[in-house]
Protein chains: 2
Amino acid sequence: MTKQTALSELGEFGLIERLTKKLTTTNNSTVYGTGDDCAVLEKNEHEYTLVSTDLLMEGIHFDLMYSPLKHLGYKAVMVNLSDIYAMNGTPEHVTVSIAVSAKFTVEALEQLYEGINLACERCGVDVVGGDTSSSMTGLVLSITAIGSVAKNNVVYRKGAQENDLICVSGDLGASYMGLQILQREKHVFAQAGAQPQFVGYEYLLQRHLKPEARKDIIEQLKIAGIMPTSMIDVSDGLSSELLHICKQSNVGCKVYEEKIPVSEDVAKVCKEFDIAPLITALHGGEDYELLFTVPLESYNAVKKIPSVHVIGSVCAQSAGSVLISKAGETIALQAQGWNGFRE
Amino acid sequence: MTKQTALSELGEFGLIERLTKKLTTTNNSTVYGTGDDCAVLEKNEHEYTLVSTDLLMEGIHFDLMYSPLKHLGYKAVMVNLSDIYAMNGTPEHVTVSIAVSAKFTVEALEQLYEGINLACERCGVDVVGGDTSSSMTGLVLSITAIGSVAKNNVVYRKGAQENDLICVSGDLGASYMGLQILQREKHVFAQAGAQPQFVGYEYLLQRHLKPEARKDIIEQLKIAGIMPTSMIDVSDGLSSELLHICKQSNVGCKVYEEKIPVSEDVAKVCKEFDIAPLITALHGGEDYELLFTVPLESYNAVKKIPSVHVIGSVCAQSAGSVLISKAGETIALQAQGWNGFRE
């Protein structure tokens, strides 16, 4: 018998690397395959087509105990559109596939679609297809987003240059702390039947349950005449995304703890939970903010965009990818990857 | 409380109709949204982009007791490419999303990907992206296929004209009978531990486990200079697909039982199972043959293509959609739709 390797030995990134290493692209129309936020395909003389896809599984990515179906539909679309924006593109179409058990009602699915339609409307996107299936078990949502980008404007993960500034939009860690609160209240309810206490946590809950793709940031960069050299959306946590950019650009990076944007709401709740706010920003994930690099000369222009923060700079690969703590220590960034296969 | 409607009340087609009726398309780049084999999107001056997506769930669409993973990967790709061919297009890219439980090994997933890659290779398609997730329960496969078609050559379900000839490729019902055999042998094995008997059933099993998208038919139609007026692939059975074409083209149809292609292997096994072969052709499904209409003047050209059968003709909507039995009876075609939501 040939060697059998448990999925947990590799984790998600390792598994993807192993499964995709044998893939070769043969079509001239394939400009960029796996390895970025989107696939990049030839469209016409001036534009590329962008494609991104996500699979959301009940019990893994969401819990229907506390995810309203309308929010779930909204989020499922937004996380895909976020990938199109992360290539500096414009989303135009989505396909929506769902699998549901017979215990769902038509009205429940209509709520899910209300959220899907709302997210599409906000970003000017059409639902153009999909598939509907029954499921023996949980709810499954698979969304594919399709968009376009002018060839001159496409931004990959691989373009960061030494001395570029590293920028991130919004704030980080709120989605993760929103999830902690939802899980705590679910636990309390299960133990004691107590009604959940959500007052004061609205911002965190909204960030987790109903995130927004940063269409506005892409628009403001355009208005300001700034072209990022590299970009990625923050789905797995700042640390992991920084390492993606560094690896694919063959550079290192230096980011400063004191510059990393964490909201007061997050700081407050982190005390309650005895978690360092920095950890939620580095490893929390599901923020759907944009992380990007810009040339040093864009400093004045980028500083003027509200909610964009310069958190560090790109350096030579040999200098490593590090965080400078508030105390002045140099700490190597780690991809504390998610490993959903661990039992 | 508002009315709650069970999914089984609507079935798959009814549910899709209800969920998609509120969808409006706002982008100029959306040429045709839901309701055909693919979505049709603006690509460039001469071409459209085609998009099709399918969600395959363990326990609903396949049973790992008898579906080898390599075949499953192959089939999952082929059924999507079949949708691109059904628009008279050329598939170019797929995205592949999978969710698996931790009990799978890396080597098992590599087998799945071998099948995926083989199907892609055969049709000149690149895997350009996807998503990998863990699953609390069964295996989930979500594939999106992207292709293109010259604007002059796109074929919809809606173009059938009165007096057109109705054609179908290959033969029908074999996949369904292949499934019956697999289920019987599984049952026998569960009851008595007897080794499955598959000798003599190879053709039927192959048609079920490893179907081919009919790329060759599209190529031969092109060589023969035949442009179908409407086309669809046979995934739910001939009857259901004929009704799709008739409804969307506002026409009726008359097909002849004696002309419907059913292989000898199917006829033989139907006797064993005491099933009328006609039923497997009309309602079996998963044949992935192409059903299309051509103008009457293409008769001589289309007759020359091996494995294409003329089975009837298009008539006025008022004449209904009917089958003429071997005994000369006129029977209304019914969409004995699949209803996976029935418990």
# chains A, B, ... in the order shown; residues from 1 in each chain; ligands from 1

$ closest_atom_pairs --of "chain A" --to "chain B" --cutoff "6 Å" --atoms "only C-alpha atoms" --output "JSON lines"
{"residue": "A:Thr5", "atom": "CA", "partner": "B:Thr105", "partner_atom": "CA", "distance": 5.3}
{"residue": "A:Ala6", "atom": "CA", "partner": "B:Thr105", "partner_atom": "CA", "distance": 4.9}
{"residue": "A:Leu7", "atom": "CA", "partner": "B:Val106", "partner_atom": "CA", "distance": 5.6}
{"residue": "A:Thr25", "atom": "CA", "partner": "B:Asp126", "partner_atom": "CA", "distance": 5.2}
{"residue": "A:Gly33", "atom": "CA", "partner": "B:Val128", "partner_atom": "CA", "distance": 4.1}
{"residue": "A:Thr34", "atom": "CA", "partner": "B:Gly129", "partner_atom": "CA", "distance": 4.7}
{"residue": "A:Ala39", "atom": "CA", "partner": "B:Val128", "partner_atom": "CA", "distance": 5.8}
{"residue": "A:Lys43", "atom": "CA", "partner": "B:Lys43", "partner_atom": "CA", "distance": 5.7}
{"residue": "A:Asn44", "atom": "CA", "partner": "B:Asn44", "partner_atom": "CA", "distance": 5.2}
{"residue": "A:Thr53", "atom": "CA", "partner": "B:Gly130", "partner_atom": "CA", "distance": 5.8}
{"residue": "A:Asp54", "atom": "CA", "partner": "B:Asp131", "partner_atom": "CA", "distance": 5.7}
{"residue": "A:Ala102", "atom": "CA", "partner": "B:Phe341", "partner_atom": "CA", "distance": 4.9}
{"residue": "A:Thr105", "atom": "CA", "partner": "B:Ala6", "partner_atom": "CA", "distance": 4.9}
{"residue": "A:Val106", "atom": "CA", "partner": "B:Thr5", "partner_atom": "CA", "distance": 5.4}
{"residue": "A:Asp126", "atom": "CA", "partner": "B:Thr25", "partner_atom": "CA", "distance": 5.2}
{"residue": "A:Val128", "atom": "CA", "partner": "B:Gly33", "partner_atom": "CA", "distance": 4.1}
{"residue": "A:Gly129", "atom": "CA", "partner": "B:Thr34", "partner_atom": "CA", "distance": 4.7}
{"residue": "A:Gly130", "atom": "CA", "partner": "B:Thr53", "partner_atom": "CA", "distance": 5.8}
{"residue": "A:Asp131", "atom": "CA", "partner": "B:Asp54", "partner_atom": "CA", "distance": 5.7}
{"residue": "A:Ser134", "atom": "CA", "partner": "B:Gly340", "partner_atom": "CA", "distance": 5.6}
{"residue": "A:Gly340", "atom": "CA", "partner": "B:Ser134", "partner_atom": "CA", "distance": 5.6}
{"residue": "A:Phe341", "atom": "CA", "partner": "B:Ala102", "partner_atom": "CA", "distance": 4.9}

$ write_last_selection --atoms "C-alpha atoms" --output "PDB file, in the first residue's frame"
ATOM      1  CA  THR A   5      -0.969  11.145   4.393  1.00  0.00           C
ATOM      2  CA  ALA A   6      -3.497  12.718   6.737  1.00  0.00           C
ATOM      3  CA  LEU A   7      -4.832  16.086   5.570  1.00  0.00           C
ATOM      4  CA  THR A  25      -1.927  25.884 -18.025  1.00  0.00           C
ATOM      5  CA  GLY A  33      -4.012  30.710 -12.739  1.00  0.00           C
ATOM      6  CA  THR A  34      -3.989  29.711  -9.078  1.00  0.00           C
ATOM      7  CA  ALA A  39      -7.586  33.961 -11.745  1.00  0.00           C
ATOM      8  CA  LYS A  43     -10.891  39.222 -22.178  1.00  0.00           C
ATOM      9  CA  ASN A  44     -10.215  41.731 -24.945  1.00  0.00           C
ATOM     10  CA  THR A  53     -14.677  31.359  -5.996  1.00  0.00           C
ATOM     11  CA  ASP A  54     -15.502  30.453  -2.386  1.00  0.00           C
ATOM     12  CA  ALA A 102     -35.394  19.358   3.044  1.00  0.00           C
ATOM     13  CA  THR A 105     -38.485  26.306   3.931  1.00  0.00           C
ATOM     14  CA  VAL A 106     -38.788  28.289   0.732  1.00  0.00           C
ATOM     15  CA  ASP A 126     -25.759  40.634 -11.489  1.00  0.00           C
ATOM     16  CA  VAL A 128     -26.273  35.224 -13.709  1.00  0.00           C
ATOM     17  CA  GLY A 129     -26.522  31.553 -12.784  1.00  0.00           C
ATOM     18  CA  GLY A 130     -26.060  28.845 -10.233  1.00  0.00           C
ATOM     19  CA  ASP A 131     -27.207  25.449  -9.108  1.00  0.00           C
ATOM     20  CA  SER A 134     -30.593  19.048  -1.794  1.00  0.00           C
ATOM     21  CA  GLY A 340      -9.569  22.907   9.517  1.00  0.00           C
ATOM     22  CA  PHE A 341      -8.486  19.321   9.015  1.00  0.00           C
TER      23      PHE A 341
END

$ residues_around --residues "A:Gly237" --least-positions-apart "4" --cutoff "7 Å" --atoms "only C-alpha atoms" --output "list of chain:residue names"
A:Glu241, A:Ala281, A:Leu282, A:His283, A:Gly284, A:Gly285

$ write_last_selection --atoms "all heavy atoms" --output "compact mmCIF listing (two decimals), in the first residue's frame"
# COMPACT_ATOMS: atom_id res chain seq x y z
N GLU A 241 -1.36 37.27 5.32
CA GLU A 241 -1.46 38.00 4.05
C GLU A 241 -0.14 38.72 3.73
O GLU A 241 0.30 38.77 2.57
CB GLU A 241 -2.61 39.02 4.07
CG GLU A 241 -3.94 38.54 4.63
CD GLU A 241 -4.51 37.28 3.98
OE1 GLU A 241 -3.94 36.76 3.01
OE2 GLU A 241 -5.55 36.80 4.50
N ALA A 281 -5.49 41.02 15.35
CA ALA A 281 -5.17 41.68 14.08
C ALA A 281 -4.29 40.79 13.21
O ALA A 281 -4.48 40.68 12.01
CB ALA A 281 -4.48 43.01 14.34
N LEU A 282 -3.31 40.15 13.83
CA LEU A 282 -2.37 39.32 13.06
C LEU A 282 -2.98 38.02 12.57
O LEU A 282 -2.70 37.57 11.47
CB LEU A 282 -1.12 39.00 13.90
CG LEU A 282 -0.16 40.15 14.21
CD1 LEU A 282 1.00 39.62 15.06
CD2 LEU A 282 0.37 40.79 12.93
N HIS A 283 -3.82 37.41 13.44
CA HIS A 283 -4.27 36.05 13.13
C HIS A 283 -5.77 35.84 13.13
O HIS A 283 -6.25 34.73 12.90
CB HIS A 283 -3.63 35.06 14.12
CG HIS A 283 -2.14 35.12 14.15
ND1 HIS A 283 -1.38 34.82 13.04
CD2 HIS A 283 -1.27 35.46 15.14
CE1 HIS A 283 -0.10 34.97 13.35
NE2 HIS A 283 0.00 35.37 14.61
N GLY A 284 -6.54 36.91 13.43
CA GLY A 284 -7.98 36.74 13.55
C GLY A 284 -8.63 36.37 12.23
O GLY A 284 -9.31 35.36 12.09
N GLY A 285 -8.41 37.21 11.24
CA GLY A 285 -8.96 36.92 9.91
C GLY A 285 -10.39 37.37 9.71
O GLY A 285 -11.03 37.90 10.62

$ residues_around --residues "stretch 173-185 of chain A" --least-positions-apart "5" --cutoff "10 Å" --atoms "only C-alpha atoms" --output "PyMOL selection string"
chain A and resi 62-63+65-67+190-191+193-198+201-211+237-238+261-267+269-270+273+275+277-288

$ select_by_dssp --residues "stretch 128-287 of chain A" --states "alpha helix (DSSP H)" --output "ChimeraX atom specification"
/A:174-192,202-209,215-223,238-249,264-273,277-283

$ closest_residue --among "A:Gly159, A:Pro306, A:Gly328, A:Gly312" --to "A:Cys253" --atoms "only C-alpha atoms"
A:Gly312

$ residues_around --residues "B:Gln334" --least-positions-apart "5" --cutoff "10 Å" --atoms "only C-alpha atoms" --output "list of chain:residue names"
B:Ser239, B:Ser240, B:Leu242, B:Leu243, B:Leu282, B:His283, B:Ser321, B:Val322, B:Leu323

$ write_last_selection --atoms "all heavy atoms" --output "mmCIF file, in the first residue's frame"
data_model
loop_
_atom_site.group_PDB
_atom_site.id
_atom_site.type_symbol
_atom_site.label_atom_id
_atom_site.label_comp_id
_atom_site.auth_asym_id
_atom_site.auth_seq_id
_atom_site.Cartn_x
_atom_site.Cartn_y
_atom_site.Cartn_z
ATOM 1 N N SER B 239 -37.230 13.933 -21.887
ATOM 2 C CA SER B 239 -38.541 14.576 -21.776
ATOM 3 C C SER B 239 -38.421 15.979 -21.195
ATOM 4 O O SER B 239 -38.932 16.958 -21.750
ATOM 5 C CB SER B 239 -39.430 13.707 -20.885
ATOM 6 O OG SER B 239 -40.729 14.205 -20.854
ATOM 7 N N SER B 240 -37.732 16.066 -20.096
ATOM 8 C CA SER B 240 -37.537 17.343 -19.416
ATOM 9 C C SER B 240 -36.794 18.346 -20.308
ATOM 10 O O SER B 240 -37.158 19.524 -20.373
ATOM 11 C CB SER B 240 -36.779 17.062 -18.121
ATOM 12 O OG SER B 240 -36.279 18.226 -17.564
ATOM 13 N N LEU B 242 -36.620 18.356 -23.680
ATOM 14 C CA LEU B 242 -37.493 18.755 -24.787
ATOM 15 C C LEU B 242 -38.451 19.852 -24.318
ATOM 16 O O LEU B 242 -38.687 20.834 -25.023
ATOM 17 C CB LEU B 242 -38.304 17.550 -25.284
ATOM 18 C CG LEU B 242 -37.592 16.598 -26.255
ATOM 19 C CD1 LEU B 242 -38.406 15.322 -26.432
ATOM 20 C CD2 LEU B 242 -37.350 17.266 -27.609
ATOM 21 N N LEU B 243 -38.988 19.675 -23.124
ATOM 22 C CA LEU B 243 -39.942 20.674 -22.611
ATOM 23 C C LEU B 243 -39.252 22.020 -22.357
ATOM 24 O O LEU B 243 -39.853 23.069 -22.551
ATOM 25 C CB LEU B 243 -40.626 20.154 -21.344
ATOM 26 C CG LEU B 243 -41.607 19.000 -21.600
ATOM 27 C CD1 LEU B 243 -42.085 18.394 -20.285
ATOM 28 C CD2 LEU B 243 -42.799 19.467 -22.442
ATOM 29 N N LEU B 282 -36.493 8.743 -21.484
ATOM 30 C CA LEU B 282 -37.268 9.964 -21.230
ATOM 31 C C LEU B 282 -36.929 10.597 -19.885
ATOM 32 O O LEU B 282 -36.897 11.815 -19.756
ATOM 33 C CB LEU B 282 -38.776 9.665 -21.270
ATOM 34 C CG LEU B 282 -39.398 9.324 -22.626
ATOM 35 C CD1 LEU B 282 -40.889 9.023 -22.448
ATOM 36 C CD2 LEU B 282 -39.203 10.469 -23.623
ATOM 37 N N HIS B 283 -36.715 9.744 -18.864
ATOM 38 C CA HIS B 283 -36.613 10.285 -17.509
ATOM 39 C C HIS B 283 -35.362 9.888 -16.751
ATOM 40 O O HIS B 283 -35.188 10.280 -15.601
ATOM 41 C CB HIS B 283 -37.843 9.855 -16.692
ATOM 42 C CG HIS B 283 -39.138 10.256 -17.311
ATOM 43 N ND1 HIS B 283 -39.472 11.562 -17.527
ATOM 44 C CD2 HIS B 283 -40.171 9.515 -17.801
ATOM 45 C CE1 HIS B 283 -40.669 11.622 -18.113
ATOM 46 N NE2 HIS B 283 -41.110 10.394 -18.301
ATOM 47 N N SER B 321 -46.544 19.222 -26.771
ATOM 48 C CA SER B 321 -45.255 18.532 -26.824
ATOM 49 C C SER B 321 -45.548 17.070 -26.590
ATOM 50 O O SER B 321 -45.879 16.674 -25.468
ATOM 51 C CB SER B 321 -44.322 19.083 -25.748
ATOM 52 O OG SER B 321 -44.123 20.468 -25.952
ATOM 53 N N VAL B 322 -45.434 16.287 -27.633
ATOM 54 C CA VAL B 322 -45.926 14.913 -27.539
ATOM 55 C C VAL B 322 -44.931 13.881 -28.060
ATOM 56 O O VAL B 322 -44.025 14.193 -28.840
ATOM 57 C CB VAL B 322 -47.263 14.740 -28.314
ATOM 58 C CG1 VAL B 322 -48.334 15.675 -27.763
ATOM 59 C CG2 VAL B 322 -47.049 14.951 -29.813
ATOM 60 N N LEU B 323 -45.162 12.657 -27.595
ATOM 61 C CA LEU B 323 -44.429 11.484 -28.076
ATOM 62 C C LEU B 323 -45.422 10.618 -28.854
ATOM 63 O O LEU B 323 -46.550 10.402 -28.388
ATOM 64 C CB LEU B 323 -43.904 10.705 -26.865
ATOM 65 C CG LEU B 323 -43.283 9.339 -27.164
ATOM 66 C CD1 LEU B 323 -41.803 9.496 -27.486
ATOM 67 C CD2 LEU B 323 -43.468 8.379 -25.991
#

$ residues_around --residues "stretch 222-226 of chain B" --least-positions-apart "2" --cutoff "7 Å" --atoms "only C-alpha atoms" --output "JSON, numbers by chain"
{"B": [218, 219, 220, 228, 298, 301]}

$ write_last_selection --atoms "all heavy atoms" --output "mmCIF file, in the first residue's frame"
data_model
loop_
_atom_site.group_PDB
_atom_site.id
_atom_site.type_symbol
_atom_site.label_atom_id
_atom_site.label_comp_id
_atom_site.auth_asym_id
_atom_site.auth_seq_id
_atom_site.Cartn_x
_atom_site.Cartn_y
_atom_site.Cartn_z
ATOM 1 N N ILE B 218 -20.034 18.823 -31.458
ATOM 2 C CA ILE B 218 -19.922 20.256 -31.777
ATOM 3 C C ILE B 218 -18.959 20.445 -32.947
ATOM 4 O O ILE B 218 -19.206 21.214 -33.871
ATOM 5 C CB ILE B 218 -19.432 21.031 -30.532
ATOM 6 C CG1 ILE B 218 -20.452 20.930 -29.399
ATOM 7 C CG2 ILE B 218 -19.116 22.485 -30.849
ATOM 8 C CD1 ILE B 218 -21.821 21.452 -29.755
ATOM 9 N N GLU B 219 -17.849 19.707 -32.908
ATOM 10 C CA GLU B 219 -16.856 19.795 -33.988
ATOM 11 C C GLU B 219 -17.442 19.309 -35.317
ATOM 12 O O GLU B 219 -17.237 19.924 -36.362
ATOM 13 C CB GLU B 219 -15.614 18.975 -33.629
ATOM 14 C CG GLU B 219 -14.802 19.631 -32.517
ATOM 15 C CD GLU B 219 -13.740 18.708 -31.898
ATOM 16 O OE1 GLU B 219 -13.751 17.496 -32.197
ATOM 17 O OE2 GLU B 219 -12.913 19.214 -31.126
ATOM 18 N N GLN B 220 -18.189 18.210 -35.266
ATOM 19 C CA GLN B 220 -18.752 17.663 -36.505
ATOM 20 C C GLN B 220 -19.851 18.547 -37.081
ATOM 21 O O GLN B 220 -19.999 18.651 -38.297
ATOM 22 C CB GLN B 220 -19.260 16.249 -36.264
ATOM 23 C CG GLN B 220 -18.109 15.275 -36.116
ATOM 24 C CD GLN B 220 -18.589 13.878 -35.795
ATOM 25 O OE1 GLN B 220 -19.284 13.271 -36.592
ATOM 26 N NE2 GLN B 220 -18.240 13.397 -34.623
ATOM 27 N N PRO B 228 -27.159 24.696 -35.282
ATOM 28 C CA PRO B 228 -28.422 24.355 -34.618
ATOM 29 C C PRO B 228 -29.206 25.632 -34.298
ATOM 30 O O PRO B 228 -28.622 26.687 -34.072
ATOM 31 C CB PRO B 228 -27.971 23.662 -33.328
ATOM 32 C CG PRO B 228 -26.574 23.211 -33.585
ATOM 33 C CD PRO B 228 -25.989 24.239 -34.511
ATOM 34 N N SER B 298 -31.266 21.100 -43.346
ATOM 35 C CA SER B 298 -30.014 20.467 -42.901
ATOM 36 C C SER B 298 -30.141 18.946 -42.812
ATOM 37 O O SER B 298 -29.212 18.261 -42.374
ATOM 38 C CB SER B 298 -29.604 21.003 -41.524
ATOM 39 O OG SER B 298 -29.353 22.380 -41.584
ATOM 40 N N ALA B 301 -27.371 16.769 -44.403
ATOM 41 C CA ALA B 301 -26.079 16.984 -43.747
ATOM 42 C C ALA B 301 -26.044 16.332 -42.364
ATOM 43 O O ALA B 301 -25.068 15.681 -41.982
ATOM 44 C CB ALA B 301 -25.791 18.483 -43.642
#

$ residues_around --residues "B:Pro295" --least-positions-apart "2" --cutoff "7 Å" --atoms "only C-alpha atoms" --output "JSON, numbers by chain"
{"B": [164, 165, 293, 297, 298]}

$ atom_distance --atom1 "atom CA of B:Val199" --atom2 "atom CA of B:Glu289"
24.8 Å

$ select_by_dssp --residues "stretch 200-270 of chain A" --states "strand (DSSP E or B)" --output "tab-separated table (two decimals) with N, CA, C and O atoms, in the first residue's frame"
chain	number	residue	atom	x	y	z
A	230	SER	N	1.23	46.01	-5.11
A	230	SER	CA	0.72	44.67	-4.79
A	230	SER	C	-0.51	44.84	-3.92
A	230	SER	O	-0.68	45.88	-3.27
A	231	MET	N	-1.36	43.84	-3.91
A	231	MET	CA	-2.58	43.94	-3.07
A	231	MET	C	-3.12	42.54	-2.78
A	231	MET	O	-2.96	41.62	-3.57
A	232	ILE	N	-3.83	42.44	-1.64
A	232	ILE	CA	-4.47	41.18	-1.21
A	232	ILE	C	-5.57	41.58	-0.24
A	232	ILE	O	-5.48	42.63	0.40
A	233	ASP	N	-6.61	40.79	-0.12
A	233	ASP	CA	-7.59	41.12	0.92
A	233	ASP	C	-7.31	40.29	2.17
A	233	ASP	O	-6.74	39.20	2.12
A	252	GLY	N	11.04	41.18	1.75
A	252	GLY	CA	10.74	41.08	3.15
A	252	GLY	C	9.85	42.26	3.54
A	252	GLY	O	9.53	43.10	2.70
A	253	CYS	N	9.47	42.32	4.82
A	253	CYS	CA	8.68	43.48	5.25
A	253	CYS	C	8.94	43.78	6.72
A	253	CYS	O	9.41	42.92	7.49
A	254	LYS	N	8.68	45.01	7.08
A	254	LYS	CA	8.82	45.45	8.46
A	254	LYS	C	7.55	46.24	8.79
A	254	LYS	O	7.27	47.26	8.17
A	255	VAL	N	6.73	45.72	9.71
A	255	VAL	CA	5.52	46.45	10.11
A	255	VAL	C	5.62	46.77	11.60
A	255	VAL	O	6.29	46.07	12.37
A	256	TYR	N	4.96	47.85	12.01
A	256	TYR	CA	5.07	48.36	13.37
A	256	TYR	C	3.77	48.14	14.14
A	256	TYR	O	2.70	48.57	13.70

$ closest_residue --among "B:Glu17, B:Glu257, B:Asp171, B:Glu212" --to "B:Leu333" --atoms "only C-alpha atoms"
B:Glu257

$ residues_around --residues "A:Asp216" --least-positions-apart "5" --cutoff "12 Å" --atoms "only C-alpha atoms" --output "MDAnalysis selection string"
chainID A and resid 82 85:86 88 90 122:123 169:170 221:223 289:290 305:308

$ write_last_selection --atoms "all heavy atoms" --output "compact mmCIF listing (two decimals), in the first residue's frame"
# COMPACT_ATOMS: atom_id res chain seq x y z
N SER A 82 -14.78 40.92 -2.59
CA SER A 82 -13.55 41.42 -1.98
C SER A 82 -12.31 40.94 -2.76
O SER A 82 -11.35 41.69 -2.93
CB SER A 82 -13.49 40.95 -0.52
OG SER A 82 -12.32 41.41 0.11
N TYR A 85 -11.96 43.08 -5.90
CA TYR A 85 -11.40 44.39 -5.56
C TYR A 85 -9.90 44.27 -5.26
O TYR A 85 -9.13 45.18 -5.57
CB TYR A 85 -12.14 45.02 -4.37
CG TYR A 85 -13.58 45.40 -4.70
CD1 TYR A 85 -14.64 44.92 -3.96
CD2 TYR A 85 -13.86 46.25 -5.78
CE1 TYR A 85 -15.96 45.26 -4.27
CE2 TYR A 85 -15.17 46.59 -6.10
CZ TYR A 85 -16.22 46.09 -5.35
OH TYR A 85 -17.50 46.42 -5.67
N ALA A 86 -9.50 43.15 -4.65
CA ALA A 86 -8.10 42.97 -4.28
C ALA A 86 -7.17 42.85 -5.49
O ALA A 86 -5.95 42.93 -5.36
CB ALA A 86 -7.94 41.73 -3.39
N ASN A 88 -7.74 45.02 -7.88
CA ASN A 88 -8.02 46.36 -8.42
C ASN A 88 -9.07 46.33 -9.53
O ASN A 88 -9.08 47.19 -10.41
CB ASN A 88 -6.73 47.01 -8.93
CG ASN A 88 -6.82 48.53 -8.94
OD1 ASN A 88 -7.59 49.13 -8.18
ND2 ASN A 88 -6.05 49.16 -9.80
N THR A 90 -13.28 45.41 -11.05
CA THR A 90 -14.69 45.73 -10.84
C THR A 90 -15.51 44.45 -10.99
O THR A 90 -15.52 43.85 -12.06
CB THR A 90 -15.16 46.74 -11.91
OG1 THR A 90 -14.29 47.86 -11.88
CG2 THR A 90 -16.59 47.19 -11.64
N ARG A 122 -25.58 46.60 -4.08
CA ARG A 122 -24.64 47.60 -3.56
C ARG A 122 -23.40 47.73 -4.41
O ARG A 122 -22.76 48.77 -4.45
CB ARG A 122 -24.20 47.19 -2.13
CG ARG A 122 -25.32 47.31 -1.15
CD ARG A 122 -24.90 48.13 0.06
NE ARG A 122 -26.05 48.38 0.90
CZ ARG A 122 -26.09 48.14 2.21
NH1 ARG A 122 -25.03 47.66 2.82
NH2 ARG A 122 -27.17 48.41 2.90
N CYS A 123 -23.00 46.63 -5.04
CA CYS A 123 -21.75 46.65 -5.81
C CYS A 123 -21.99 46.59 -7.31
O CYS A 123 -21.04 46.43 -8.08
CB CYS A 123 -20.85 45.51 -5.35
SG CYS A 123 -20.29 45.73 -3.64
N SER A 169 -6.45 49.03 4.97
CA SER A 169 -7.66 49.84 5.16
C SER A 169 -8.37 49.46 6.46
O SER A 169 -8.15 48.38 7.01
CB SER A 169 -8.61 49.65 3.98
OG SER A 169 -9.07 48.31 3.94
N GLY A 170 -9.21 50.35 6.95
CA GLY A 170 -10.09 50.06 8.09
C GLY A 170 -9.37 49.66 9.35
O GLY A 170 -8.31 50.20 9.69
N LEU A 221 -8.46 55.16 -4.22
CA LEU A 221 -7.10 55.04 -4.76
C LEU A 221 -7.07 55.57 -6.19
O LEU A 221 -6.13 56.25 -6.60
CB LEU A 221 -6.64 53.58 -4.71
CG LEU A 221 -6.28 53.03 -3.32
CD1 LEU A 221 -6.08 51.52 -3.39
CD2 LEU A 221 -5.02 53.70 -2.76
N LYS A 222 -8.13 55.23 -6.93
CA LYS A 222 -8.21 55.69 -8.32
C LYS A 222 -8.27 57.21 -8.39
O LYS A 222 -7.52 57.85 -9.15
CB LYS A 222 -9.44 55.06 -8.99
CG LYS A 222 -9.36 55.00 -10.49
CD LYS A 222 -10.27 53.90 -11.06
CE LYS A 222 -9.68 52.51 -10.83
NZ LYS A 222 -10.59 51.43 -11.17
N ILE A 223 -9.15 57.78 -7.57
CA ILE A 223 -9.30 59.25 -7.55
C ILE A 223 -7.97 59.92 -7.19
O ILE A 223 -7.59 60.92 -7.76
CB ILE A 223 -10.40 59.66 -6.54
CG1 ILE A 223 -11.77 59.23 -7.08
CG2 ILE A 223 -10.38 61.17 -6.26
CD1 ILE A 223 -12.89 59.27 -6.05
N GLU A 289 -10.50 43.58 4.80
CA GLU A 289 -9.87 44.86 4.49
C GLU A 289 -8.86 44.62 3.37
O GLU A 289 -8.53 43.48 3.04
CB GLU A 289 -9.16 45.40 5.74
CG GLU A 289 -10.11 45.75 6.89
CD GLU A 289 -11.07 46.88 6.56
OE1 GLU A 289 -10.82 47.63 5.59
OE2 GLU A 289 -12.10 47.00 7.25
N LEU A 290 -8.40 45.70 2.78
CA LEU A 290 -7.39 45.57 1.72
C LEU A 290 -6.00 45.89 2.27
O LEU A 290 -5.81 46.91 2.95
CB LEU A 290 -7.72 46.50 0.56
CG LEU A 290 -8.98 46.10 -0.23
CD1 LEU A 290 -9.36 47.18 -1.23
CD2 LEU A 290 -8.78 44.75 -0.93
N ILE A 305 -6.18 59.61 2.34
CA ILE A 305 -7.39 58.77 2.23
C ILE A 305 -7.81 58.34 3.63
O ILE A 305 -7.06 57.67 4.32
CB ILE A 305 -7.13 57.53 1.35
CG1 ILE A 305 -6.62 57.94 -0.03
CG2 ILE A 305 -8.38 56.68 1.24
CD1 ILE A 305 -6.31 56.77 -0.95
N PRO A 306 -9.01 58.75 4.05
CA PRO A 306 -9.45 58.37 5.38
C PRO A 306 -9.52 56.84 5.46
O PRO A 306 -9.83 56.19 4.47
CB PRO A 306 -10.87 58.96 5.49
CG PRO A 306 -11.07 59.80 4.29
CD PRO A 306 -10.06 59.40 3.25
N SER A 307 -9.22 56.31 6.55
CA SER A 307 -9.27 54.87 6.83
C SER A 307 -8.22 54.05 6.09
O SER A 307 -8.33 52.83 6.03
CB SER A 307 -10.67 54.29 6.62
OG SER A 307 -10.91 53.91 5.31
N VAL A 308 -7.20 54.72 5.54
CA VAL A 308 -6.04 53.93 5.08
C VAL A 308 -4.88 54.23 6.03
O VAL A 308 -4.62 55.39 6.38
CB VAL A 308 -5.63 54.25 3.63
CG1 VAL A 308 -4.26 53.66 3.30
CG2 VAL A 308 -6.66 53.69 2.66
